[in-house]
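Listing of input.cif; format and content: mmCIF, C-alpha atoms and all ligand atoms.
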data_entry
loop_
_atom_site.label_atom_id
_atom_site.label_comp_id
_atom_site.auth_asym_id
_atom_site.auth_seq_id
_atom_site.Cartn_x
_atom_site.Cartn_y
_atom_site.Cartn_z
CA MET X 1 -13.47 6.65 13.09
CA ASN X 2 -10.77 4.83 15.09
CA ILE X 3 -7.40 6.11 13.92
CA LEU X 4 -4.02 4.60 14.76
CA ILE X 5 -1.00 6.81 14.07
CA THR X 6 2.31 4.96 14.00
CA GLY X 7 5.36 7.14 14.67
CA ASN X 8 3.19 9.77 16.34
CA MET X 9 6.02 10.97 18.63
CA GLY X 10 8.14 12.41 15.83
CA TYR X 11 8.46 15.78 14.12
CA VAL X 12 5.36 15.30 11.95
CA GLY X 13 3.32 13.15 14.34
CA SER X 14 3.50 15.65 17.20
CA THR X 15 1.93 18.32 14.97
CA LEU X 16 -0.51 15.86 13.41
CA VAL X 17 -1.99 14.75 16.73
CA ARG X 18 -2.82 18.36 17.65
CA HIS X 19 -4.32 18.98 14.23
CA LEU X 20 -6.52 15.88 14.11
CA ARG X 21 -7.74 16.45 17.63
CA LYS X 22 -8.82 19.94 16.56
CA VAL X 23 -10.55 19.07 13.28
CA MET X 24 -11.98 15.59 13.85
CA SER X 25 -15.35 15.09 15.53
CA SER X 26 -15.21 14.59 19.29
CA ASP X 27 -16.14 10.89 19.04
CA THR X 28 -13.07 10.13 16.88
CA ILE X 29 -10.65 7.78 18.63
CA ILE X 30 -7.05 8.80 17.97
CA ASN X 31 -4.37 6.42 19.25
CA GLY X 32 -0.61 6.51 18.85
CA TYR X 33 2.01 3.76 18.53
CA ASP X 34 5.68 4.63 18.83
CA THR X 35 8.89 3.25 20.25
CA GLY X 36 9.82 6.71 21.54
CA TYR X 37 13.30 7.28 20.09
CA PHE X 38 12.66 11.04 20.24
CA ALA X 39 10.12 11.16 23.06
CA HIS X 40 12.40 13.43 25.12
CA CYS X 41 13.15 15.85 22.28
CA LEU X 42 10.38 18.33 23.06
CA THR X 43 10.84 21.92 21.92
CA GLY X 44 8.86 24.48 23.82
CA ALA X 45 5.67 22.43 24.11
CA THR X 46 3.38 23.58 26.91
CA ARG X 47 1.29 20.43 26.72
CA LEU X 48 2.55 16.98 25.86
CA PRO X 49 1.08 16.23 22.41
CA GLU X 50 0.40 12.61 23.45
CA SER X 51 -1.98 13.82 26.17
CA LEU X 52 -4.42 14.66 23.34
CA LEU X 53 -4.61 11.00 22.34
CA ASN X 54 -7.12 8.48 23.61
CA CYS X 55 -4.23 6.10 24.16
CA GLN X 56 -0.46 6.06 23.61
CA TYR X 57 0.97 2.60 22.92
CA PHE X 58 4.72 2.12 23.27
CA GLY X 59 6.22 -0.55 21.07
CA ASP X 60 8.38 -1.33 18.10
CA ILE X 61 6.56 -1.38 14.77
CA ARG X 62 8.35 -4.67 14.07
CA ASP X 63 6.31 -6.22 16.91
CA ILE X 64 2.92 -4.50 16.54
CA SER X 65 0.13 -6.91 17.42
CA GLU X 66 -2.63 -8.04 15.09
CA ASP X 67 -5.08 -7.33 17.86
CA LEU X 68 -4.15 -3.64 17.99
CA ILE X 69 -4.38 -3.29 14.21
CA SER X 70 -7.77 -5.02 14.13
CA ARG X 71 -9.22 -2.45 16.55
CA HIS X 72 -8.74 0.45 14.11
CA ASP X 73 -10.42 1.38 10.86
CA ALA X 74 -7.78 3.88 9.74
CA ILE X 75 -3.99 3.77 9.97
CA VAL X 76 -1.61 6.69 9.40
CA HIS X 77 1.80 5.09 8.97
CA LEU X 78 4.55 7.56 9.89
CA SER X 79 6.97 5.39 11.85
CA ALA X 80 10.16 4.96 9.89
CA ILE X 81 13.85 5.54 9.69
CA SER X 82 13.06 8.96 8.39
CA ASN X 83 15.95 10.51 6.51
CA ASP X 84 18.96 9.76 4.31
CA PRO X 85 21.75 10.12 6.91
CA ILE X 86 20.10 7.63 9.29
CA GLY X 87 19.19 5.36 6.37
CA ASN X 88 22.81 5.38 5.18
CA LYS X 89 24.17 4.53 8.63
CA PHE X 90 21.49 1.92 9.46
CA GLU X 91 20.73 0.44 6.06
CA ALA X 92 19.73 -3.03 7.30
CA MET X 93 17.44 -1.51 9.92
CA THR X 94 15.92 0.78 7.30
CA GLN X 95 14.95 -2.36 5.41
CA ALA X 96 13.73 -4.10 8.57
CA ILE X 97 11.59 -1.16 9.74
CA ASN X 98 10.62 0.75 6.60
CA GLU X 99 10.22 -2.31 4.41
CA GLN X 100 9.59 -5.62 6.23
CA ALA X 101 7.71 -4.27 9.26
CA SER X 102 5.71 -1.84 7.12
CA HIS X 103 4.89 -4.64 4.67
CA ARG X 104 3.58 -6.75 7.56
CA LEU X 105 1.55 -3.81 8.88
CA ALA X 106 -0.13 -3.25 5.50
CA THR X 107 -0.86 -6.95 5.03
CA LEU X 108 -2.43 -7.20 8.49
CA ALA X 109 -4.39 -4.00 7.87
CA VAL X 110 -5.96 -5.58 4.78
CA LYS X 111 -6.58 -8.84 6.66
CA HIS X 112 -8.43 -7.02 9.46
CA GLY X 113 -10.54 -4.79 7.24
CA VAL X 114 -8.81 -1.45 7.87
CA LYS X 115 -10.66 0.97 5.57
CA LYS X 116 -8.12 3.78 5.18
CA PHE X 117 -4.34 3.49 5.03
CA VAL X 118 -2.30 6.69 4.79
CA PHE X 119 1.39 6.20 4.07
CA ALA X 120 4.03 8.90 4.56
CA SER X 121 6.01 8.60 1.34
CA SER X 122 8.47 11.14 0.00
CA CYS X 123 9.29 13.15 -3.12
CA SER X 124 12.84 11.83 -2.68
CA ILE X 125 11.72 8.77 -4.66
CA TYR X 126 12.21 10.91 -7.81
CA GLY X 127 15.93 11.32 -7.09
CA ALA X 128 17.98 13.32 -9.58
CA ALA X 129 15.25 14.62 -11.80
CA GLY X 130 16.49 17.29 -14.23
CA ASP X 131 14.58 20.48 -14.91
CA GLU X 132 11.06 19.15 -15.54
CA ALA X 133 8.76 19.14 -12.51
CA ARG X 134 8.12 15.52 -11.53
CA ARG X 135 4.58 14.15 -11.78
CA GLU X 136 3.14 11.09 -10.07
CA ASN X 137 3.52 8.81 -13.10
CA ASP X 138 7.08 9.85 -13.90
CA PRO X 139 9.85 7.28 -13.43
CA LYS X 140 11.22 6.89 -9.93
CA ASN X 141 14.93 7.15 -9.35
CA PRO X 142 15.59 6.57 -5.64
CA LEU X 143 19.21 7.30 -4.77
CA THR X 144 19.35 6.19 -1.13
CA ALA X 145 18.26 3.33 1.14
CA TYR X 146 15.64 5.66 2.61
CA ALA X 147 14.15 6.60 -0.77
CA ARG X 148 14.27 2.96 -1.96
CA SER X 149 12.31 1.92 1.14
CA LYS X 150 9.55 4.37 0.21
CA VAL X 151 9.36 2.93 -3.32
CA PHE X 152 9.28 -0.59 -1.87
CA MET X 153 6.37 0.27 0.42
CA GLU X 154 4.40 2.06 -2.30
CA ASN X 155 4.72 -1.11 -4.42
CA VAL X 156 3.48 -3.25 -1.51
CA LEU X 157 0.47 -0.97 -1.08
CA GLU X 158 -0.26 -0.96 -4.79
CA SER X 159 -0.37 -4.76 -4.70
CA HIS X 160 -3.30 -4.41 -2.27
CA SER X 161 -5.18 -1.99 -4.52
CA ALA X 162 -7.89 -4.51 -5.41
CA THR X 163 -8.89 -4.84 -1.74
CA ALA X 164 -11.48 -2.79 0.16
CA MET X 165 -8.76 -0.63 1.75
CA THR X 166 -8.45 2.92 0.37
CA THR X 167 -4.76 3.79 0.36
CA THR X 168 -3.07 7.15 -0.08
CA CYS X 169 0.70 7.43 -0.47
CA LEU X 170 1.48 11.04 0.37
CA ARG X 171 4.75 11.92 -1.37
CA PHE X 172 5.76 14.77 0.88
CA ALA X 173 8.16 17.50 -0.16
CA THR X 174 10.93 18.22 2.39
CA ALA X 175 9.31 19.27 5.64
CA CYS X 176 9.97 22.53 7.43
CA GLY X 177 8.47 24.63 10.19
CA PHE X 178 8.19 24.63 13.94
CA SER X 179 6.87 21.56 15.78
CA ASP X 180 6.63 20.33 19.35
CA ARG X 181 9.51 18.03 18.38
CA LEU X 182 11.51 20.30 16.13
CA ARG X 183 14.25 18.92 13.84
CA LEU X 184 17.15 20.99 12.63
CA ASP X 185 18.33 18.39 10.10
CA LEU X 186 16.02 19.92 7.48
CA VAL X 187 17.27 22.61 5.11
CA LEU X 188 15.08 25.59 6.03
CA ASN X 189 15.08 24.85 9.76
CA ASP X 190 18.87 24.51 9.65
CA PHE X 191 19.26 27.84 7.84
CA VAL X 192 17.18 29.68 10.46
CA ALA X 193 19.11 28.15 13.37
CA THR X 194 22.48 28.82 11.71
CA ALA X 195 21.55 32.40 10.90
CA MET X 196 20.48 33.02 14.49
CA ILE X 197 23.59 31.48 16.05
CA ASP X 198 26.44 32.05 13.58
CA LYS X 199 25.03 35.22 11.99
CA LYS X 200 25.75 33.68 8.60
CA ILE X 201 24.44 30.94 6.31
CA THR X 202 26.82 28.60 4.53
CA ILE X 203 25.42 26.92 1.43
CA LEU X 204 27.25 23.73 0.52
CA SER X 205 26.22 23.96 -3.14
CA ASP X 206 26.25 26.89 -5.58
CA GLY X 207 22.72 27.68 -4.40
CA THR X 208 20.95 26.71 -7.62
CA PRO X 209 19.56 23.24 -6.62
CA TRP X 210 15.77 23.02 -6.36
CA ARG X 211 14.11 21.90 -3.13
CA PRO X 212 10.33 21.53 -2.89
CA LEU X 213 9.28 22.25 0.71
CA VAL X 214 6.08 21.81 2.70
CA HIS X 215 5.18 23.11 6.16
CA VAL X 216 4.72 20.41 8.79
CA ALA X 217 1.26 21.81 9.63
CA ASP X 218 0.28 21.65 5.95
CA MET X 219 1.43 18.00 5.94
CA SER X 220 -1.09 17.39 8.72
CA ARG X 221 -3.88 18.96 6.66
CA ALA X 222 -2.97 16.64 3.77
CA ILE X 223 -3.09 13.62 6.10
CA GLU X 224 -6.53 14.75 7.30
CA TRP X 225 -7.65 14.88 3.66
CA ALA X 226 -6.30 11.38 2.99
CA LEU X 227 -8.21 10.06 6.01
CA VAL X 228 -11.55 11.40 4.79
CA ARG X 229 -10.97 10.99 1.04
CA PRO X 230 -13.61 8.77 -0.54
CA GLU X 231 -12.43 6.19 -3.07
CA SER X 232 -14.31 8.14 -5.77
CA VAL X 233 -11.73 10.94 -5.38
CA GLY X 234 -8.47 9.52 -6.73
CA GLY X 235 -9.21 5.77 -6.63
CA SER X 236 -8.51 2.96 -4.18
CA PHE X 237 -4.73 3.39 -4.47
CA LEU X 238 -3.46 6.93 -4.86
CA PRO X 239 0.17 8.06 -4.86
CA ILE X 240 0.18 11.88 -4.76
CA ASN X 241 2.75 14.65 -4.42
CA ILE X 242 2.10 16.84 -1.37
CA GLY X 243 3.18 20.46 -1.42
CA SER X 244 2.49 23.40 -3.73
CA ASN X 245 4.01 24.56 -7.01
CA GLU X 246 4.89 27.90 -5.42
CA TRP X 247 7.03 26.09 -2.83
CA ASN X 248 9.54 24.73 -5.35
CA PHE X 249 12.44 26.87 -4.14
CA GLN X 250 16.09 27.17 -5.11
CA VAL X 251 18.36 26.90 -2.09
CA ILE X 252 19.65 30.46 -2.60
CA GLU X 253 16.07 31.80 -2.42
CA LEU X 254 15.63 30.11 0.95
CA ALA X 255 18.90 31.52 2.24
CA ASN X 256 17.99 35.04 1.06
CA ALA X 257 14.58 34.91 2.72
CA VAL X 258 16.09 33.67 6.00
CA ALA X 259 18.87 36.30 5.89
CA GLU X 260 16.31 39.07 5.44
CA LEU X 261 14.01 37.95 8.26
CA VAL X 262 16.76 37.02 10.72
CA ASN X 263 18.52 40.23 9.77
CA ILE X 264 21.95 38.98 8.71
CA ASP X 265 23.81 39.83 5.53
CA LEU X 266 26.36 37.05 5.16
CA ILE X 267 25.62 34.11 2.87
CA GLU X 268 28.57 31.94 1.87
CA ILE X 269 28.18 30.02 -1.38
CA ASN X 270 30.40 27.21 -2.63
CA LYS X 271 30.84 28.23 -6.28
CA ASP X 272 33.03 25.18 -6.99
CA ALA X 273 30.55 22.63 -5.66
CA ALA X 274 29.87 19.54 -7.77
CA PRO X 275 26.34 19.39 -9.23
CA ASP X 276 23.85 18.45 -6.52
CA LYS X 277 22.24 15.09 -7.29
CA ARG X 278 19.27 15.89 -5.08
CA SER X 279 18.06 18.84 -7.14
CA TYR X 280 14.50 18.30 -8.30
CA ARG X 281 11.25 20.10 -8.86
CA VAL X 282 7.84 18.56 -8.32
CA SER X 283 4.39 19.20 -9.78
CA PHE X 284 1.66 19.45 -7.17
CA ASP X 285 -1.14 19.91 -9.73
CA LEU X 286 -2.89 16.64 -8.85
CA PHE X 287 -3.08 17.55 -5.15
CA LYS X 288 -4.50 20.96 -6.07
CA GLN X 289 -7.09 19.33 -8.31
CA LEU X 290 -8.19 16.58 -5.88
CA ALA X 291 -7.92 18.43 -2.55
CA PRO X 292 -8.85 22.10 -3.14
CA ALA X 293 -9.96 22.54 0.48
CA HIS X 294 -6.73 21.13 1.94
CA GLN X 295 -4.11 23.11 0.06
CA PRO X 296 -1.04 24.42 1.91
CA ILE X 297 -1.79 27.72 3.61
CA TYR X 298 1.57 28.73 5.12
CA SER X 299 3.76 31.39 3.53
CA LEU X 300 7.56 31.07 3.51
CA ARG X 301 7.91 34.30 5.48
CA ASP X 302 5.50 33.17 8.21
CA THR X 303 7.29 29.83 8.42
CA ILE X 304 10.65 31.54 8.93
CA ARG X 305 9.19 34.01 11.47
CA ASP X 306 7.59 31.14 13.44
CA LEU X 307 10.88 29.25 13.47
CA LYS X 308 12.72 32.35 14.63
CA ASN X 309 10.20 33.05 17.39
CA GLY X 310 10.11 29.40 18.47
CA LEU X 311 13.90 29.09 18.52
CA SER X 312 14.58 32.35 20.39
CA PRO X 313 13.87 30.96 23.89
CA LEU X 314 15.87 27.81 23.03
CA LEU X 315 19.00 29.63 21.86
CA ALA X 316 21.09 28.55 24.85
CA SER X 317 20.63 24.91 23.84
CA LEU X 318 21.39 25.57 20.19
CA ASN X 319 25.06 26.52 20.21
CA ASP X 320 26.28 23.14 19.03
CA PHE X 321 22.98 22.06 17.51
CA ARG X 322 24.56 19.89 14.81
CA ASN X 323 25.78 17.61 17.60
CA SER X 324 22.58 17.75 19.60
CA HIS X 325 19.21 16.05 19.84
CA TYR X 326 17.87 18.43 17.18
CA ILE X 327 19.59 16.09 14.70
CA ARG X 328 17.91 12.68 14.50
CA LEU X 329 21.04 10.71 13.65
CA LYS X 330 22.81 12.22 16.68
CA THR X 331 19.94 11.24 18.98
CA LEU X 332 19.96 7.62 17.82
CA SER X 333 23.77 7.45 17.97
CA GLU X 334 23.74 8.80 21.51
CA HIS X 335 21.15 6.22 22.58
CA ILE X 336 23.49 3.52 21.22
CA ASP X 337 26.69 5.01 22.69
CA MET X 338 25.07 5.27 26.12
CA GLY X 339 23.91 1.65 25.98
CA ARG X 340 20.20 2.44 25.80
CA LEU X 341 19.66 1.17 22.27
CA GLY X 342 21.19 -1.80 20.44
CA HIS X 343 22.58 -1.62 16.92
CA ASP X 344 19.34 -3.26 15.79
CA LEU X 345 17.60 -0.09 17.08
CA ARG X 346 15.77 -2.00 19.79
CA TRP X 347 15.79 -0.72 23.36
CA LEU X 348 18.13 -2.59 25.70
CA VAL X 349 16.48 -3.30 29.01
N1 LIG X 401 10.28 15.27 7.65
C1 LIG X 401 10.33 15.20 6.32
O1 LIG X 401 10.95 16.03 5.62
C2 LIG X 401 9.57 14.13 5.60
C3 LIG X 401 9.40 14.26 4.25
C4 LIG X 401 8.77 13.26 3.59
C5 LIG X 401 8.32 12.15 4.27
N2 LIG X 401 8.49 12.03 5.61
C6 LIG X 401 8.03 10.83 6.29
O2 LIG X 401 7.06 11.19 7.26
C7 LIG X 401 7.17 10.28 8.35
C8 LIG X 401 7.34 11.06 9.64
O3 LIG X 401 8.51 11.86 9.52
P1 LIG X 401 9.12 12.65 10.76
O4 LIG X 401 9.88 13.77 10.19
O5 LIG X 401 8.08 12.88 11.77
O6 LIG X 401 10.15 11.55 11.30
P2 LIG X 401 10.72 11.40 12.81
O7 LIG X 401 11.98 10.65 12.69
O8 LIG X 401 10.74 12.71 13.47
O9 LIG X 401 9.63 10.50 13.52
C9 LIG X 401 9.50 9.13 13.23
C10 LIG X 401 8.85 8.47 14.43
O10 LIG X 401 8.78 7.06 14.15
C11 LIG X 401 9.19 6.36 15.31
N3 LIG X 401 9.80 5.09 14.92
C12 LIG X 401 10.90 4.90 14.15
N4 LIG X 401 11.20 3.60 14.10
C13 LIG X 401 10.26 2.94 14.83
C14 LIG X 401 10.04 1.58 15.16
N5 LIG X 401 10.88 0.62 14.75
N6 LIG X 401 8.96 1.26 15.90
C15 LIG X 401 8.11 2.23 16.34
N7 LIG X 401 8.29 3.55 16.10
C16 LIG X 401 9.36 3.90 15.34
C17 LIG X 401 10.21 7.26 15.99
O11 LIG X 401 10.33 6.98 17.38
C18 LIG X 401 9.65 8.65 15.70
O12 LIG X 401 8.82 9.09 16.74
C19 LIG X 401 8.33 9.35 8.06
O13 LIG X 401 7.83 8.16 7.50
C20 LIG X 401 9.13 10.11 7.04
O14 LIG X 401 9.87 9.26 6.21
C21 LIG X 401 9.10 13.02 6.29
#
Mind turning this structure into structure tokens?
Amino acid sequence: MNILITGNMGYVGSTLVRHLRKVMSSDTIINGYDTGYFAHCLTGATRLPESLLNCQYFGDIRDISEDLISRHDAIVHLSAISNDPIGNKFEAMTQAINEQASHRLATLAVKHGVKKFVFASSCSIYGAAGDEARRENDPKNPLTAYARSKVFMENVLESHSATAMTTTCLRFATACGFSDRLRLDLVLNDFVATAMIDKKITILSDGTPWRPLVHVADMSRAIEWALVRPESVGGSFLPINIGSNEWNFQVIELANAVAELVNIDLIEINKDAAPDKRSYRVSFDLFKQLAPAHQPIYSLRDTIRDLKNGLSPLLASLNDFRNSHYIRLKTLSEHIDMGRLGHDLRWLV
């Protein structure tokens, strides 16, 4: 198999490359394509993840060539404006990258006979979702430009469902866990860093909102499954929630687990907070049924311990982490402020 991973130099991609290199047969070609916004944001890696690739291509997904696409039979599409804060600040670019460029990529993939297309979607497409755990066929209610872009792209891919390409839209829960390019703009990772630095955790809500989580390494195992999934398992177009029912957590549960393992006893809760619109639970039954051998294996405690151990040697760089390269929006803003990146999120020469 010749696999092209777009956005391989991000939080998920850096872990994915290591995983695929370990589990795929030695004749598998694994290439990466990324513009490198976060290339310098390595966290404790002892070997550059990209050195495990057959080839790293640098380029903007808006310009990816037909020739490169045609030389692969599987595409894992990760490259994106990848969270709500960046999507809110760069709404037009979120449409240009997550929608138009991704649409073009999918259309060219079909044209050139790509057999497997794996799309990194998100459970955020369910939006405010009440108490019932959301299933794949439930109505979508995207609340942000980021979530709308994921719905847009799923619709594009569904329109190609009668083609020979087998497509899996992995609707990931919120990621967490240590990675060679760690992010601290994710709830659990943020709690661990805050607990280690400030010796307290401040919850902006009353703690009751639900947050389904998934470990970044378990995301990689799900992507592996999607790459090898035959059409007979789930059909030619499959949107599927990725995570586990046991990992639907309330925010207060996460804070309590972090406090215990980081050994702090101060959790501040905002009892007067307005109801959190992003509270939702998700059913992962379909994933359990279709992919029994690729179910999440991490425990919450191990995830927190790994984060703590991984962050310990980096503590000196963490003091003001909310204004640092651990936060994706800050990294992009700094590139722009320093004249490296234009407001269209293209590199300035
Ligand atoms: N992390 C999560 O909680 C989560 C949850 C659900 C879905 N996802 C999705 O998984 C995918 C990967 O997420 P991540 O956390 O690794 O994101 P990330 O922001 O860490 O990485 C995204 C990568 O895409 C690249 N990229 C962005 N725009 C590009 C462009 N125009 N051209 C080429 N490369 C470009 C970036 O340089 C970066 O390396 C994204 O599509 C994201 O929406 C992530």
- In Å to one decimal, how far is CA of Leu307 (chain X) from CA of Gly177 (chain X)? 6.2 Å
- Coordinates-based distance that separates CA of Lys150 (chain X) from CA of Ile3 (chain X) (Å, one decimal):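 It comes out at 21.9 Å.
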- Write out as a list in words the residues lying within 7 Å of Leu238 (chain X), counting only C-alpha atoms and excluding same-chain residues fewer than 2 positions away.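 Surrounding residues, per the criterion: Thr167, Thr168, Cys169, Gly234, Gly235, Ser236 and Ile240 of chain X.
Take the candidates X:Phe191, X:Phe321, X:Trp347, X:Trp225 and check each one against ligand LIG 401 (chain X) using only C-alpha atoms and all ligand atoms; the shortest distance goes to X:Trp347.
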Size and centre in Å, one decimal, axis-aligned box, all listed ligand LIG 401 (chain X) atoms plus 8 Å per side, as JSON:
{"center_x": 9.5, "center_y": 8.3, "center_z": 10.5, "size_x": 20.9, "size_y": 31.4, "size_z": 29.8}
- What does the distance between CA of Thr46 (chain X) and atom C11 of ligand LIG 401 (chain X) come to in Å, to one decimal place?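 If I compute the distance from CA of Thr46 (chain X) to atom C11 of ligand LIG 401 (chain X), I get 21.6 Å.
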- Kindly provide, as a PyMOL selection string, all nucleotide and amino acid residues lying within 7 Å of ligand LIG 401 (chain X), counting all atoms listed in the file. chain X and resi 6-13+33-39+59-62+77-83+97+120-123+171-176+186+328
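With distances taken over all atoms listed in the file, X:Thr144 is the one residue among X:Asn263, X:Thr28, X:Thr144, X:Ser65 lying closest to Asp84 (chain X).
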- Using only C-alpha atoms, which of the listed residues (X:Phe284, X:Phe237, X:Phe58, X:Tyr298) sits closest to Arg221 (chain X)?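 Comparing X:Phe284, X:Phe237, X:Phe58, X:Tyr298 against Arg221 (chain X), the winner is X:Tyr298.
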- Query: Pick the closest to Leu254 (chain X) from X:Leu188, X:Leu213, X:Leu68, X:Ala293: which is it, counting all atoms listed in the file?
  - Reply: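 Ranking X:Leu188, X:Leu213, X:Leu68, X:Ala293 by distance to Leu254 (chain X), first place goes to X:Leu188.
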- Task: Identify, on the basis of all atoms listed in the file, every residue whose closest approach to Leu227 (chain X) does not exceed 12 Å; exclude the query and any residue fewer than 2 positions from it along the same chain; express the result as an MDAnalysis selection string.
- Result: chainID X and resid 1:5 20 23:24 28 73:77 114:119 165:170 220:225 229:231 233 291 294
Residues of region 120-225 of chain X within 10 Å of region 271-283 of chain X: nearest atom pair and distance (Å, one decimal) for each, counting only C-alpha atoms, sorted by chain and number, as a tab-separated table?
residue	atom	partner	partner_atom	distance
X:Cys123	CA	X:Val282	CA	7.6
X:Ser124	CA	X:Arg278	CA	8.0
X:Tyr126	CA	X:Tyr280	CA	7.8
X:Gly127	CA	X:Arg278	CA	6.0
X:Ala128	CA	X:Lys277	CA	5.2
X:Ala129	CA	X:Tyr280	CA	5.1
X:Gly130	CA	X:Tyr280	CA	6.3
X:Asp131	CA	X:Arg281	CA	6.9
X:Glu132	CA	X:Arg281	CA	6.7
X:Ala133	CA	X:Val282	CA	4.3
X:Arg134	CA	X:Val282	CA	4.4
X:Arg135	CA	X:Ser283	CA	5.4
X:Glu136	CA	X:Ser283	CA	8.2
X:Leu143	CA	X:Arg278	CA	8.6
X:Ala173	CA	X:Val282	CA	8.2
X:Ile203	CA	X:Lys271	CA	9.5
X:Leu204	CA	X:Ala273	CA	7.1
X:Ser205	CA	X:Ala273	CA	5.2
X:Asp206	CA	X:Lys271	CA	4.8
X:Gly207	CA	X:Lys271	CA	8.4
X:Thr208	CA	X:Ser279	CA	8.4
X:Pro209	CA	X:Ser279	CA	4.7
X:Trp210	CA	X:Ser279	CA	4.8
X:Arg211	CA	X:Tyr280	CA	6.3
X:Pro212	CA	X:Arg281	CA	6.2
X:Leu213	CA	X:Val282	CA	9.9
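Using all atoms listed in the file, the shortest contact distance between His72 (chain X) and any of X:Leu48, X:Leu42, X:Leu345, X:Leu108 is found at X:Leu108.
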- Message: Taking (24.6, 22.2, 12.4) in the coordinates of the supplied file, I want to know which residues reach to within 8 Å of it, counting all atoms listed in the file; could you give the answer as a PyMOL selection string?
- Response: chain X and resi 184-185+190+194+320-323
- Item | Nearest candidate to Ala195 (chain X) (options X:Glu158, X:Asp265, X:Asp27, X:Asp306; using all atoms listed in the file) | X:Asp265
- If I put a ball of radius 10 Å at (-5.3, 9.9, 22.0) in the file's coordinates, which residues poke into it when counting all atoms listed in the file, written as a VMD selection string? chain X and resid 3 to 5 17 to 18 20 to 21 28 to 32 49 to 57
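For Asp67 (chain X), the list of residues within 12 Å, based on only C-alpha atoms and with local chain neighbours fewer than 2 positions off taken out, reads X:Asp63, X:Ile64, X:Ser65, X:Ile69, X:Ser70, X:Arg71, X:His72, X:Leu105, X:Leu108, X:Ala109, X:Lys111, X:His112.
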Kindly output region 313-317 of chain X as a JSON list (two decimals), keeping the file's coordinate frame, after building all heavy atoms.
[["chain", "number", "residue", "atom", "x", "y", "z"],
["X", 313, "PRO", "N", 13.68, 31.36, 22.49],
["X", 313, "PRO", "CA", 13.87, 30.96, 23.89],
["X", 313, "PRO", "C", 14.76, 29.73, 24.05],
["X", 313, "PRO", "O", 15.17, 29.40, 25.17],
["X", 313, "PRO", "CB", 12.45, 30.65, 24.37],
["X", 313, "PRO", "CG", 11.59, 30.60, 23.19],
["X", 313, "PRO", "CD", 12.30, 31.20, 22.04],
["X", 314, "LEU", "N", 15.07, 29.04, 22.94],
["X", 314, "LEU", "CA", 15.87, 27.81, 23.03],
["X", 314, "LEU", "C", 17.33, 28.06, 22.67],
["X", 314, "LEU", "O", 18.13, 27.12, 22.63],
["X", 314, "LEU", "CB", 15.30, 26.74, 22.09],
["X", 314, "LEU", "CG", 13.80, 26.42, 22.22],
["X", 314, "LEU", "CD1", 13.36, 25.50, 21.10],
["X", 314, "LEU", "CD2", 13.53, 25.76, 23.57],
["X", 315, "LEU", "N", 17.67, 29.34, 22.42],
["X", 315, "LEU", "CA", 19.00, 29.63, 21.86],
["X", 315, "LEU", "C", 20.15, 29.04, 22.67],
["X", 315, "LEU", "O", 21.13, 28.55, 22.10],
["X", 315, "LEU", "CB", 19.19, 31.14, 21.74],
["X", 315, "LEU", "CG", 18.83, 31.77, 20.39],
["X", 315, "LEU", "CD1", 19.22, 33.23, 20.35],
["X", 315, "LEU", "CD2", 19.49, 31.02, 19.24],
["X", 316, "ALA", "N", 20.00, 29.04, 24.00],
["X", 316, "ALA", "CA", 21.09, 28.55, 24.85],
["X", 316, "ALA", "C", 21.41, 27.09, 24.54],
["X", 316, "ALA", "O", 22.56, 26.66, 24.67],
["X", 316, "ALA", "CB", 20.71, 28.71, 26.31],
["X", 317, "SER", "N", 20.40, 26.33, 24.10],
["X", 317, "SER", "CA", 20.63, 24.91, 23.84],
["X", 317, "SER", "C", 21.03, 24.66, 22.39],
["X", 317, "SER", "O", 21.20, 23.52, 21.96],
["X", 317, "SER", "CB", 19.36, 24.11, 24.14],
["X", 317, "SER", "OG", 18.36, 24.43, 23.20]]
